[in-house]
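A.B. asks: This is input_26.txt, which holds compact mmCIF, C-alpha atoms and all ligand atoms:
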# COMPACT_ATOMS: atom_id res chain seq x y z
CA MET A 34 0.00 0.00 0.00
CA ASN A 35 2.81 2.38 0.99
CA ARG A 36 4.80 1.69 -2.14
CA ARG A 37 1.70 2.30 -4.23
CA MET A 38 1.09 5.67 -2.57
CA THR A 39 4.72 6.69 -3.18
CA LEU A 40 4.39 5.83 -6.87
CA LEU A 41 1.11 7.75 -7.14
CA LYS A 42 2.71 10.79 -5.47
CA THR A 43 5.63 10.60 -7.92
CA VAL A 44 3.21 10.64 -10.85
CA GLY A 45 1.40 13.66 -9.32
CA TRP A 46 4.65 15.56 -8.78
CA LEU A 47 5.77 14.86 -12.35
CA ALA A 48 2.56 16.45 -13.63
CA ILE A 49 2.91 19.54 -11.38
CA MET A 50 6.64 20.11 -12.02
CA SER A 51 6.30 19.83 -15.80
CA SER A 52 3.48 22.42 -15.76
CA ILE A 53 5.62 24.85 -13.71
CA MET A 54 8.64 24.44 -16.00
CA LEU A 55 6.44 25.03 -19.04
CA ALA A 56 4.97 28.22 -17.58
CA ALA A 57 8.42 29.56 -16.56
CA GLY A 58 9.68 29.55 -20.16
CA CYS A 59 6.90 31.76 -21.49
CA SER A 60 8.12 35.36 -21.24
CA GLY A 61 11.06 37.64 -22.14
CA PRO A 62 12.51 39.27 -25.26
CA LEU A 63 13.38 35.91 -26.86
CA GLU A 64 9.91 34.43 -26.27
CA MET A 65 8.86 32.75 -29.52
CA LEU A 66 5.12 32.21 -29.00
CA SER A 67 4.03 35.84 -29.41
CA GLY A 68 6.08 36.82 -32.44
CA SER A 69 5.47 39.25 -35.27
CA GLY A 70 4.81 38.44 -38.92
CA GLU A 71 3.65 35.37 -40.83
CA PRO A 72 6.80 33.20 -40.43
CA ALA A 73 6.72 33.66 -36.64
CA ALA A 74 2.96 32.98 -36.52
CA ARG A 75 3.43 29.78 -38.51
CA ILE A 76 6.10 28.56 -36.08
CA ALA A 77 3.95 29.51 -33.08
CA ARG A 78 1.02 27.50 -34.52
CA LEU A 79 3.29 24.47 -35.06
CA THR A 80 4.72 24.84 -31.54
CA TRP A 81 1.23 24.96 -29.95
CA PHE A 82 0.14 21.93 -31.98
CA MET A 83 3.16 19.90 -30.85
CA LEU A 84 2.91 21.19 -27.27
CA LEU A 85 -0.77 20.30 -26.91
CA LEU A 86 -0.36 16.94 -28.62
CA GLY A 87 2.69 16.13 -26.46
CA GLY A 88 0.79 17.32 -23.37
CA ALA A 89 -2.17 15.08 -24.21
CA VAL A 90 0.12 12.05 -24.69
CA TYR A 91 1.91 12.86 -21.43
CA ALA A 92 -1.43 13.15 -19.58
CA VAL A 93 -2.68 9.82 -20.98
CA VAL A 94 0.59 8.10 -19.95
CA LEU A 95 0.36 9.56 -16.41
CA ILE A 96 -3.31 8.58 -16.05
CA THR A 97 -2.82 5.01 -17.30
CA THR A 98 0.23 4.65 -15.03
CA ALA A 99 -1.82 5.86 -12.05
CA VAL A 100 -4.68 3.49 -12.91
CA ALA A 101 -2.25 0.56 -13.30
CA ILE A 102 -0.66 1.33 -9.92
CA ARG A 103 -4.08 1.54 -8.19
CA ARG A 104 -5.27 -1.76 -9.65
CA ASN A 105 -1.95 -3.52 -9.02
CA ARG A 106 -3.42 -7.01 -9.14
CA ALA A 107 -0.18 -8.79 -10.05
CA THR A 108 2.09 -10.44 -7.53
CA PRO A 109 5.89 -10.68 -7.95
CA ASP A 110 5.49 -14.35 -8.94
CA ASP A 111 3.14 -13.64 -11.86
CA THR A 112 4.47 -14.04 -15.40
CA PRO A 113 3.60 -11.19 -17.85
CA ASP A 114 0.22 -11.58 -19.61
CA LEU A 115 1.17 -12.25 -23.23
CA THR A 116 -2.18 -13.66 -24.33
CA ARG A 117 -3.93 -12.02 -27.29
CA HIS A 118 -5.47 -9.41 -24.98
CA GLY A 119 -2.07 -8.47 -23.46
CA ILE A 120 -0.28 -8.29 -26.83
CA SER A 121 -2.96 -6.03 -28.35
CA TRP A 122 -2.23 -3.38 -25.66
CA ILE A 123 1.42 -3.40 -26.73
CA ILE A 124 0.69 -3.27 -30.47
CA ILE A 125 -1.93 -0.52 -30.24
CA GLY A 126 -0.32 1.59 -27.50
CA GLY A 127 3.31 1.01 -28.42
CA VAL A 128 3.29 0.84 -32.23
CA ILE A 129 0.08 2.03 -33.91
CA LEU A 130 -0.73 5.07 -31.73
CA PRO A 131 2.86 6.49 -31.63
CA GLY A 132 3.12 5.86 -35.39
CA LEU A 133 -0.07 7.83 -36.08
CA ILE A 134 0.98 10.67 -33.76
CA LEU A 135 4.46 10.95 -35.34
CA LEU A 136 2.89 10.88 -38.82
CA ALA A 137 0.55 13.75 -37.84
CA VAL A 138 3.51 15.79 -36.48
CA PHE A 139 5.48 15.09 -39.68
CA ILE A 140 2.64 16.20 -41.97
CA VAL A 141 1.89 19.38 -39.98
CA SER A 142 5.63 20.23 -39.83
CA LEU A 143 5.99 19.83 -43.60
CA GLY A 144 3.10 22.26 -44.04
CA ALA A 145 4.92 24.86 -41.93
CA MET A 146 8.14 24.69 -43.96
CA ASN A 147 9.34 26.30 -47.20
CA ARG A 148 6.59 28.84 -47.70
CA ASP A 149 8.84 31.89 -47.54
CA GLU A 150 10.11 31.96 -51.12
CA ARG A 151 6.64 32.83 -52.45
CA THR A 152 6.77 36.44 -51.27
CA GLN A 153 8.87 38.98 -53.17
CA PRO A 154 11.28 40.78 -50.83
CA THR A 155 11.39 44.58 -50.54
CA LEU A 156 14.90 44.49 -49.15
CA THR A 157 17.79 42.01 -49.27
CA VAL A 158 20.51 41.93 -46.63
CA SER A 159 23.52 39.63 -46.68
CA VAL A 160 24.23 38.41 -43.12
CA VAL A 161 27.62 36.78 -42.58
CA GLY A 162 28.44 35.27 -39.19
CA HIS A 163 31.92 35.84 -37.80
CA GLN A 164 33.52 34.96 -34.46
CA TRP A 165 31.72 36.82 -32.81
CA TRP A 166 29.68 39.35 -34.73
CA TRP A 167 27.40 39.63 -37.75
CA LYS A 168 28.58 41.39 -40.90
CA LEU A 169 25.69 42.99 -42.78
CA GLN A 170 25.57 44.14 -46.38
CA TYR A 171 22.39 45.85 -47.55
CA HIS A 172 21.34 45.52 -51.22
CA PRO A 173 24.26 43.18 -52.06
CA ASP A 174 23.10 42.99 -55.71
CA ASP A 175 22.87 46.73 -56.28
CA SER A 176 26.24 48.53 -56.31
CA THR A 177 24.60 51.98 -56.21
CA ARG A 178 22.71 51.29 -52.99
CA THR A 179 24.95 48.84 -51.13
CA PHE A 180 26.54 49.60 -47.76
CA TYR A 181 27.92 47.66 -44.79
CA SER A 182 26.96 47.57 -41.14
CA ALA A 183 27.10 45.14 -38.22
CA ASN A 184 24.92 43.39 -35.65
CA GLU A 185 21.84 45.61 -36.06
CA ILE A 186 19.47 45.05 -38.99
CA HIS A 187 17.04 47.86 -39.84
CA ILE A 188 13.93 46.78 -41.74
CA PRO A 189 10.70 48.46 -42.85
CA VAL A 190 7.54 47.30 -41.06
CA GLY A 191 5.11 45.05 -42.94
CA ARG A 192 7.55 44.30 -45.77
CA THR A 193 9.19 41.01 -46.59
CA VAL A 194 12.94 41.15 -46.05
CA ARG A 195 15.23 38.50 -47.52
CA LEU A 196 18.30 37.58 -45.46
CA LEU A 197 21.11 35.71 -47.21
CA LEU A 198 22.88 33.84 -44.43
CA SER A 199 26.46 32.65 -44.62
CA SER A 200 29.58 32.46 -42.47
CA GLY A 201 33.14 33.70 -42.70
CA ASP A 202 34.60 31.07 -40.37
CA VAL A 203 32.70 28.39 -38.42
CA ILE A 204 29.01 27.43 -38.39
CA HIS A 205 26.78 29.97 -36.64
CA SER A 206 23.00 30.00 -36.37
CA PHE A 207 20.85 33.07 -36.93
CA TRP A 208 17.86 33.18 -34.57
CA VAL A 209 15.49 36.03 -33.89
CA PRO A 210 12.74 33.99 -32.17
CA THR A 211 10.02 36.64 -32.39
CA LEU A 212 10.40 36.88 -36.19
CA GLN A 213 11.50 33.55 -37.63
CA GLY A 214 12.87 30.09 -36.85
CA LYS A 215 16.60 29.53 -36.52
CA LEU A 216 18.72 28.79 -39.57
CA ASP A 217 22.41 27.91 -39.75
CA ALA A 218 24.98 30.27 -41.24
CA ILE A 219 27.46 27.91 -42.93
CA PRO A 220 30.78 28.77 -44.64
CA GLY A 221 30.50 28.47 -48.43
CA VAL A 222 26.69 28.12 -48.35
CA ILE A 223 24.03 30.81 -48.74
CA ASN A 224 20.81 30.12 -46.83
CA ASP A 225 17.81 32.22 -47.83
CA ILE A 226 15.47 33.21 -44.99
CA ARG A 227 12.60 35.76 -44.96
CA ILE A 228 11.43 37.92 -42.10
CA THR A 229 8.47 40.28 -41.80
CA ALA A 230 7.72 42.43 -38.76
CA ASP A 231 4.05 43.41 -38.39
CA THR A 232 4.72 46.05 -35.76
CA ALA A 233 7.51 48.57 -35.27
CA GLY A 234 9.93 47.74 -32.48
CA ILE A 235 13.16 46.09 -31.50
CA TYR A 236 13.47 42.33 -31.92
CA ARG A 237 16.30 40.59 -30.10
CA GLY A 238 18.19 37.61 -31.46
CA VAL A 239 21.15 35.40 -30.71
CA CYS A 240 23.57 33.00 -32.33
CA ALA A 241 22.03 29.60 -31.68
CA GLU A 242 24.93 27.31 -32.62
CA PHE A 243 27.97 26.99 -30.34
CA CYS A 244 30.76 28.73 -32.24
CA GLY A 245 33.54 29.37 -29.72
CA THR A 246 34.17 30.99 -26.37
CA GLN A 247 32.13 34.13 -27.07
CA HIS A 248 29.17 32.32 -28.65
CA ALA A 249 26.89 33.84 -25.98
CA ASN A 250 28.09 37.35 -26.91
CA MET A 251 26.99 37.33 -30.52
CA ALA A 252 23.70 39.16 -30.30
CA ILE A 253 21.71 40.32 -33.29
CA THR A 254 19.09 43.04 -33.15
CA VAL A 255 16.36 43.77 -35.70
CA VAL A 256 14.99 47.30 -35.66
CA ALA A 257 11.63 47.47 -37.46
CA GLU A 258 10.43 50.97 -38.35
CA SER A 259 7.95 52.60 -40.73
CA LEU A 260 8.97 52.63 -44.40
CA GLU A 261 9.53 56.43 -44.23
CA ASP A 262 11.80 56.13 -41.18
CA TYR A 263 13.63 53.22 -42.76
CA LEU A 264 14.32 55.17 -45.98
CA VAL A 265 15.63 58.15 -43.97
CA TRP A 266 17.89 55.78 -42.04
CA GLU A 267 19.08 54.08 -45.26
CA ALA A 268 19.87 57.42 -46.91
CA GLY A 269 21.95 58.38 -43.85
CA GLN A 270 23.84 55.08 -43.93
CA LEU A 271 24.61 55.51 -47.64
CA GLU A 272 26.42 58.76 -46.96
CA ASN A 273 30.13 58.78 -46.23
CA ALA A 274 31.25 59.45 -42.66
CA HIS A 275 30.58 63.08 -41.77
CA SER A 276 33.89 64.93 -41.74
CA SER A 277 33.92 66.89 -38.57
CA ALA A 278 34.70 70.60 -38.54
CA ASP A 279 36.39 70.65 -35.14
CA SER A 280 40.12 70.06 -34.91
CA THR A 281 39.87 67.52 -32.04
CA SER A 282 37.76 65.15 -34.11
CA ARG A 283 40.05 65.58 -37.11
CA ALA A 284 43.03 64.72 -34.91
CA GLY A 285 41.09 61.63 -33.76
CA GLN A 286 40.57 60.65 -37.37
CA ARG A 287 44.31 60.93 -38.12
CA LEU A 288 45.09 58.89 -35.01
CA PHE A 289 42.55 56.24 -36.08
CA VAL A 290 44.61 55.65 -39.24
CA ALA A 291 48.01 56.04 -37.54
CA ALA A 292 47.14 53.64 -34.66
CA ASN A 293 46.35 50.89 -37.20
CA CYS A 294 42.59 50.75 -36.47
CA ALA A 295 42.24 51.38 -40.22
CA ALA A 296 43.98 48.08 -41.04
CA CYS A 297 40.80 46.20 -40.04
CA HIS A 298 38.00 48.78 -39.95
CA ARG A 299 36.48 50.84 -42.72
CA VAL A 300 35.24 54.40 -42.28
CA ARG A 301 33.89 55.31 -45.71
CA GLY A 302 35.13 58.66 -46.97
CA THR A 303 38.43 58.44 -45.06
CA ASP A 304 41.71 56.56 -45.49
CA ALA A 305 40.42 53.75 -43.26
CA ASN A 306 39.60 50.91 -45.66
CA GLY A 307 39.96 47.68 -43.67
CA ALA A 308 37.35 45.06 -44.49
CA ASP A 309 37.93 42.33 -41.88
CA ALA A 310 36.29 43.96 -38.87
CA PRO A 311 32.94 45.76 -38.51
CA ASP A 312 32.40 48.79 -40.77
CA LEU A 313 32.50 51.84 -38.51
CA THR A 314 31.25 54.50 -40.96
CA HIS A 315 28.12 55.08 -38.83
CA VAL A 316 28.99 52.96 -35.79
CA ALA A 317 27.72 55.52 -33.27
CA SER A 318 24.21 55.21 -34.74
CA ARG A 319 24.07 51.61 -33.49
CA MET A 320 22.78 50.67 -30.03
CA SER A 321 25.58 48.45 -28.79
CA ILE A 322 29.30 47.69 -29.01
CA GLY A 323 30.87 44.27 -29.58
CA ALA A 324 27.64 42.53 -30.72
CA GLY A 325 25.59 43.40 -27.67
CA VAL A 326 28.36 43.30 -25.05
CA LEU A 327 28.20 47.00 -24.06
CA PRO A 328 25.76 49.85 -24.68
CA MET A 329 26.84 52.55 -27.15
CA GLN A 330 28.03 55.14 -24.61
CA PRO A 331 31.21 57.26 -24.53
CA GLY A 332 32.68 55.52 -21.44
CA ALA A 333 31.91 52.04 -22.78
CA LEU A 334 33.41 52.97 -26.16
CA ALA A 335 36.61 54.24 -24.53
CA GLY A 336 36.91 51.05 -22.46
CA TRP A 337 36.32 48.86 -25.50
CA ILE A 338 38.92 50.68 -27.63
CA ALA A 339 41.53 50.57 -24.84
CA ASN A 340 41.19 46.87 -24.05
CA ALA A 341 38.54 44.90 -25.92
CA PRO A 342 39.97 41.45 -24.94
CA ALA A 343 39.43 42.29 -21.26
CA ILE A 344 35.71 42.80 -22.00
CA LYS A 345 35.25 40.02 -24.56
CA PRO A 346 38.09 37.47 -24.16
CA GLY A 347 39.07 35.87 -27.46
CA VAL A 348 37.91 38.80 -29.59
CA LEU A 349 40.19 39.49 -32.57
CA MET A 350 40.45 43.20 -31.75
CA PRO A 351 43.75 43.51 -29.84
CA ARG A 352 44.46 45.51 -26.73
CA ILE A 353 45.79 48.87 -27.90
CA SER A 354 49.17 49.52 -26.33
CA GLY A 355 51.49 52.48 -26.69
CA LEU A 356 48.77 55.15 -26.60
CA SER A 357 48.46 57.69 -23.85
CA GLY A 358 45.24 58.28 -21.95
CA SER A 359 44.52 61.47 -23.87
CA GLU A 360 45.14 59.72 -27.19
CA LEU A 361 42.67 56.96 -26.24
CA ARG A 362 40.10 59.62 -25.31
CA LEU A 363 40.70 61.30 -28.67
CA LEU A 364 40.06 57.97 -30.48
CA ALA A 365 36.89 57.33 -28.46
CA LEU A 366 35.68 60.86 -29.19
CA TYR A 367 36.22 60.35 -32.92
CA VAL A 368 34.55 56.90 -33.08
CA GLY A 369 31.68 58.23 -30.97
CA SER A 370 31.16 61.03 -33.49
CA LEU A 371 30.56 58.56 -36.37
CA LYS A 372 26.77 58.90 -36.28
CU1 LIG B 401 28.11 32.30 -33.53
CU2 LIG B 401 27.40 30.91 -31.76
Could you write out this file's structure as C-alpha cells?
Ligand code: CUA
C.D. replies:
Amino acid sequence: MNRRMTLLKTVGWLAIMSSIMLAAGCSGPLEMLSGSGEPAARIARLTWFMLLLGGAVYAVVLITTAVAIRRNRATPDDTPDLTRHGISWIIIGGVILPGLILLAVFIVSLGAMNRDERTQPTLTVSVVGHQWWWKLQYHPDDSTRTFYSANEIHIPVGRTVRLLLSSGDVIHSFWVPTLQGKLDAIPGVINDIRITADTAGIYRGVCAEFCGTQHANMAITVVAESLEDYLVWEAGQLENAHSSADSTSRAGQRLFVAANCAACHRVRGTDANGADAPDLTHVASRMSIGAGVLPMQPGALAGWIANAPAIKPGVLMPRISGLSGSELRLLALYVGSLK
C-alpha cells in the first residue's frame, strides 16, 4: 500500500513540475510564442500543436500509469500476460498510436516549412556570421545602394525582407525567435530566410549554434520601423562618414589611421579601408558595441577601444598599447562622433 502511494505521489509531482517548467519559459525578449509576422505565426502555430499533442500524450501516460498502480493485481510471482489481450495493448499503445501521432507531427511540420520563397522581398541583406559578430551588407546585388553595417538590422515594417545567411569562419546560427525560426549560417553556403515584422519595435536575437568561447556574446538586433523612417535611415547610412569641422575630431581621425585601427575597420570617406572587422562609418548610430556586449556610450566605447579582450576574451580586436590616456580619449571621441 505504501509503495503504491509513493508511486502515485511521484506521478502527481511529475505532472505539477512539468506544468511549472512550461509556464516559466513563457516570457522575455526571446519568447517565440508571441512573435510578429507570418513566419513567426506559422512557427507559433506548429509549436502549440506539438505542445498540446505532447501534453495530451503525457497526460494519458500519467493517467494510465496511475490506474495501473491503483489496480496492481499482479504479484511478484506472476508471469507477464502475453495472451492475445495483453499483446494487443502493446501493439496498439506502443506501435500504432505512436506511429499515427508521429505521422501527424510530420505532416503538420511539412506544411509549416518552405513557404517563404513565395513572397517577393522589398529588401535584401547579406548576413555573414563571424567569431563573434554579424557582418551585414544591404542591397548586395545593387552597387549603387549597397553599404555595410554590423549586428543591427534595420527593416521596414510590414515588408518582406530577404536575409542571405552565410559564415566567414565556423558554423553559426541566426535566430530572432520573435520573427523567424533559426537557420544555420554555414561557410561556403548561402541560406535564404525571410522575415516580416508586423509592428515597429526592437526584436532581439542570438547566435544559436555553439561557435567558440564568445558564442553567448553574438547578439543580433532587428529594428523594425515605418517605411519612411527606414528610408531616412538608409539614406543616412549611404552617406560617407561626416567629416567633422572641429580640430579635435580631425586629430582623432588621423590617429585612427596612424594607430592601425584602419587596417581592419572601414570608415567610408576616409583613409580607413579595412574590411575584416565591422564597418565603422556610422557605428555611433548603433545601439551596442561588440555585438551586444556594451551599450553605445562614450565611457563604454573608450573602455572597448583601450582593451577589448578584457571585455570580450578571445575577440580578434587587440588591446591597444602604446597610446596615452589622452590619445585613447581622442580615439573614443572620434569613433563616438561617427553617427
Ligand atoms: Cu556564432 Cu554561436
A.B. asks: Give the answer as one residue: which of A:Ala339, A:Val256, A:Ala218, A:Ile322 has the shortest atom-to-atom distance to ligand LIG 401 (chain B), using only C-alpha atoms and all ligand atoms?
C.D. replies: A:Ala218
A.B. asks: Counting all atoms listed in the file, which protein, DNA or RNA residues come within 9 Å of ligand LIG 401 (chain B), given as a PDB file with C-alpha atoms, in the coordinates of the input?
C.D. replies:
ATOM      1  CA  GLY A 162      28.440  35.270 -39.190  1.00  0.00           C
ATOM      2  CA  HIS A 163      31.920  35.840 -37.800  1.00  0.00           C
ATOM      3  CA  GLN A 164      33.520  34.960 -34.460  1.00  0.00           C
ATOM      4  CA  TRP A 165      31.720  36.820 -32.810  1.00  0.00           C
ATOM      5  CA  TRP A 166      29.680  39.350 -34.730  1.00  0.00           C
ATOM      6  CA  TRP A 167      27.400  39.630 -37.750  1.00  0.00           C
ATOM      7  CA  VAL A 203      32.700  28.390 -38.420  1.00  0.00           C
ATOM      8  CA  ILE A 204      29.010  27.430 -38.390  1.00  0.00           C
ATOM      9  CA  HIS A 205      26.780  29.970 -36.640  1.00  0.00           C
ATOM     10  CA  SER A 206      23.000  30.000 -36.370  1.00  0.00           C
ATOM     11  CA  PHE A 207      20.850  33.070 -36.930  1.00  0.00           C
ATOM     12  CA  ALA A 218      24.980  30.270 -41.240  1.00  0.00           C
ATOM     13  CA  VAL A 239      21.150  35.400 -30.710  1.00  0.00           C
ATOM     14  CA  CYS A 240      23.570  33.000 -32.330  1.00  0.00           C
ATOM     15  CA  ALA A 241      22.030  29.600 -31.680  1.00  0.00           C
ATOM     16  CA  GLU A 242      24.930  27.310 -32.620  1.00  0.00           C
ATOM     17  CA  PHE A 243      27.970  26.990 -30.340  1.00  0.00           C
ATOM     18  CA  CYS A 244      30.760  28.730 -32.240  1.00  0.00           C
ATOM     19  CA  GLY A 245      33.540  29.370 -29.720  1.00  0.00           C
ATOM     20  CA  THR A 246      34.170  30.990 -26.370  1.00  0.00           C
ATOM     21  CA  GLN A 247      32.130  34.130 -27.070  1.00  0.00           C
ATOM     22  CA  HIS A 248      29.170  32.320 -28.650  1.00  0.00           C
ATOM     23  CA  ALA A 249      26.890  33.840 -25.980  1.00  0.00           C
ATOM     24  CA  ASN A 250      28.090  37.350 -26.910  1.00  0.00           C
ATOM     25  CA  MET A 251      26.990  37.330 -30.520  1.00  0.00           C
ATOM     26  CA  ALA A 252      23.700  39.160 -30.300  1.00  0.00           C
TER      27      ALA A 252
END
A.B. asks: Between A:Thr108, A:Ser280, A:Asn273, A:Ser176, which has the minimum distance to Thr303 in chain A (counting all atoms listed in the file)?
C.D. replies: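 That would be A:Asn273, the residue with the smallest distance to Thr303 in chain A.
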A.B. asks: Could you name the residues that touch Val190 in chain A at 10 Å or less, counting all atoms listed in the file, but leaving out those on the same chain fewer than 4 positions away, as a list in words?
C.D. replies: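 Selected residues are Gly70, Val194, Thr229, Ala230, Asp231, Thr232, Ala233, Gly234, Val256, Ala257, Glu258, Ser259, Leu260, Glu261, Asp262 and Tyr263 of chain A.
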A.B. asks: Filtering to C-alpha atoms, could you give me those residues as a short mmCIF file (atom, residue, chain, number, x, y, z; two decimals), in the coordinates of the input?
C.D. replies:
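To be explicit, this is the file written out as again_22.cif:
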data_model
loop_
_atom_site.label_atom_id
_atom_site.label_comp_id
_atom_site.auth_asym_id
_atom_site.auth_seq_id
_atom_site.Cartn_x
_atom_site.Cartn_y
_atom_site.Cartn_z
CA GLY A 70 4.81 38.44 -38.92
CA VAL A 194 12.94 41.15 -46.05
CA THR A 229 8.47 40.28 -41.80
CA ALA A 230 7.72 42.43 -38.76
CA ASP A 231 4.05 43.41 -38.39
CA THR A 232 4.72 46.05 -35.76
CA ALA A 233 7.51 48.57 -35.27
CA GLY A 234 9.93 47.74 -32.48
CA VAL A 256 14.99 47.30 -35.66
CA ALA A 257 11.63 47.47 -37.46
CA GLU A 258 10.43 50.97 -38.35
CA SER A 259 7.95 52.60 -40.73
CA LEU A 260 8.97 52.63 -44.40
CA GLU A 261 9.53 56.43 -44.23
CA ASP A 262 11.80 56.13 -41.18
CA TYR A 263 13.63 53.22 -42.76
#
A.B. asks: Counting all atoms listed in the file, find the residues whose atoms lie at most 12 Å from (14.3, 38.8, -31.2) (file coordinates) and write them out as a PyMOL selection string.
C.D. replies: chain A and resi 61-69+73+185-186+207-215+228+230+234-240+252-257
A.B. asks: Can you list, as a ChimeraX atom specification, every protein, DNA or RNA residue that comes within 10 Å of Asn293 in chain A when you count all atoms listed in the file, leaving out same-chain residues fewer than 5 positions away?
C.D. replies: /A:288,298,305,307,353
A.B. asks: Between CA of Leu85 in chain A and CA of Ile125 in chain A, what is the distance, to one decimal in Å?
C.D. replies: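 Here the two named atoms are 21.1 Å from each other.
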A.B. asks: Excluding Ile226 in chain A and its own-chain neighbours fewer than 5 positions away, which residues fall within 7 Å of it when counting only C-alpha atoms? Please give them as a list in words.
C.D. replies: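 Once the nearby chain positions are removed, what remains is Arg195, Leu196 and Leu197 of chain A.
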A.B. asks: By how many Å are CA of Val141 in chain A and CA of Leu84 in chain A apart?
C.D. replies: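 According to the coordinates, CA of Val141 in chain A and CA of Leu84 in chain A are separated by 12.9 Å.
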A.B. asks: Measure the distance from CA of Leu334 in chain A to CA of Ala317 in chain A in Å and round it to one decimal.
C.D. replies: 9.5 Å
A.B. asks: Between A:Asp279, A:Thr193, A:Gly358, A:Ala183, which residue has the minimum interatomic distance to Ser318 in chain A, considering only C-alpha atoms?
C.D. replies: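 Of A:Asp279, A:Thr193, A:Gly358, A:Ala183, the one nearest Ser318 in chain A, counting only C-alpha atoms, is A:Ala183.
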A.B. asks: Calculated over all atoms listed in the file, which of the candidates A:Ala48, A:Ile124, A:Ile134, A:Ala99 has the smallest distance to Met83 in chain A?
C.D. replies: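 Using all atoms listed in the file, the shortest distance to Met83 in chain A belongs to A:Ile134.
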A.B. asks: Mind rebuilding range 126-132 of chain A with all heavy atoms and writing that out as a short mmCIF file (atom, residue, chain, number, x, y, z; two decimals), keeping the file's coordinate frame?
C.D. replies:
data_model
loop_
_atom_site.label_atom_id
_atom_site.label_comp_id
_atom_site.auth_asym_id
_atom_site.auth_seq_id
_atom_site.Cartn_x
_atom_site.Cartn_y
_atom_site.Cartn_z
N GLY A 126 -0.88 0.48 -28.27
CA GLY A 126 -0.32 1.59 -27.50
C GLY A 126 1.14 1.85 -27.80
O GLY A 126 1.62 2.99 -27.65
N GLY A 127 1.88 0.83 -28.24
CA GLY A 127 3.31 1.01 -28.42
C GLY A 127 3.74 1.17 -29.86
O GLY A 127 4.85 1.65 -30.14
N VAL A 128 2.89 0.76 -30.82
CA VAL A 128 3.29 0.84 -32.23
C VAL A 128 2.32 1.71 -33.04
O VAL A 128 2.73 2.73 -33.63
CB VAL A 128 3.38 -0.58 -32.85
CG1 VAL A 128 3.81 -0.48 -34.31
CG2 VAL A 128 4.35 -1.46 -32.08
N ILE A 129 1.04 1.34 -33.02
CA ILE A 129 0.08 2.03 -33.91
C ILE A 129 -0.14 3.49 -33.48
O ILE A 129 0.01 4.41 -34.29
CB ILE A 129 -1.26 1.26 -33.98
CG1 ILE A 129 -0.99 -0.12 -34.59
CG2 ILE A 129 -2.29 2.02 -34.81
CD1 ILE A 129 -2.20 -1.03 -34.62
N LEU A 130 -0.46 3.69 -32.19
CA LEU A 130 -0.73 5.07 -31.73
C LEU A 130 0.48 5.99 -31.90
O LEU A 130 0.37 7.07 -32.50
CB LEU A 130 -1.18 5.05 -30.27
CG LEU A 130 -2.69 5.07 -30.04
CD1 LEU A 130 -2.99 5.08 -28.54
CD2 LEU A 130 -3.31 6.30 -30.70
N PRO A 131 1.69 5.61 -31.42
CA PRO A 131 2.86 6.49 -31.63
C PRO A 131 3.12 6.74 -33.11
O PRO A 131 3.48 7.85 -33.50
CB PRO A 131 4.03 5.71 -31.00
CG PRO A 131 3.39 4.78 -30.04
CD PRO A 131 2.04 4.43 -30.60
N GLY A 132 2.92 5.70 -33.95
CA GLY A 132 3.12 5.86 -35.39
C GLY A 132 2.19 6.91 -35.96
O GLY A 132 2.61 7.79 -36.72
#
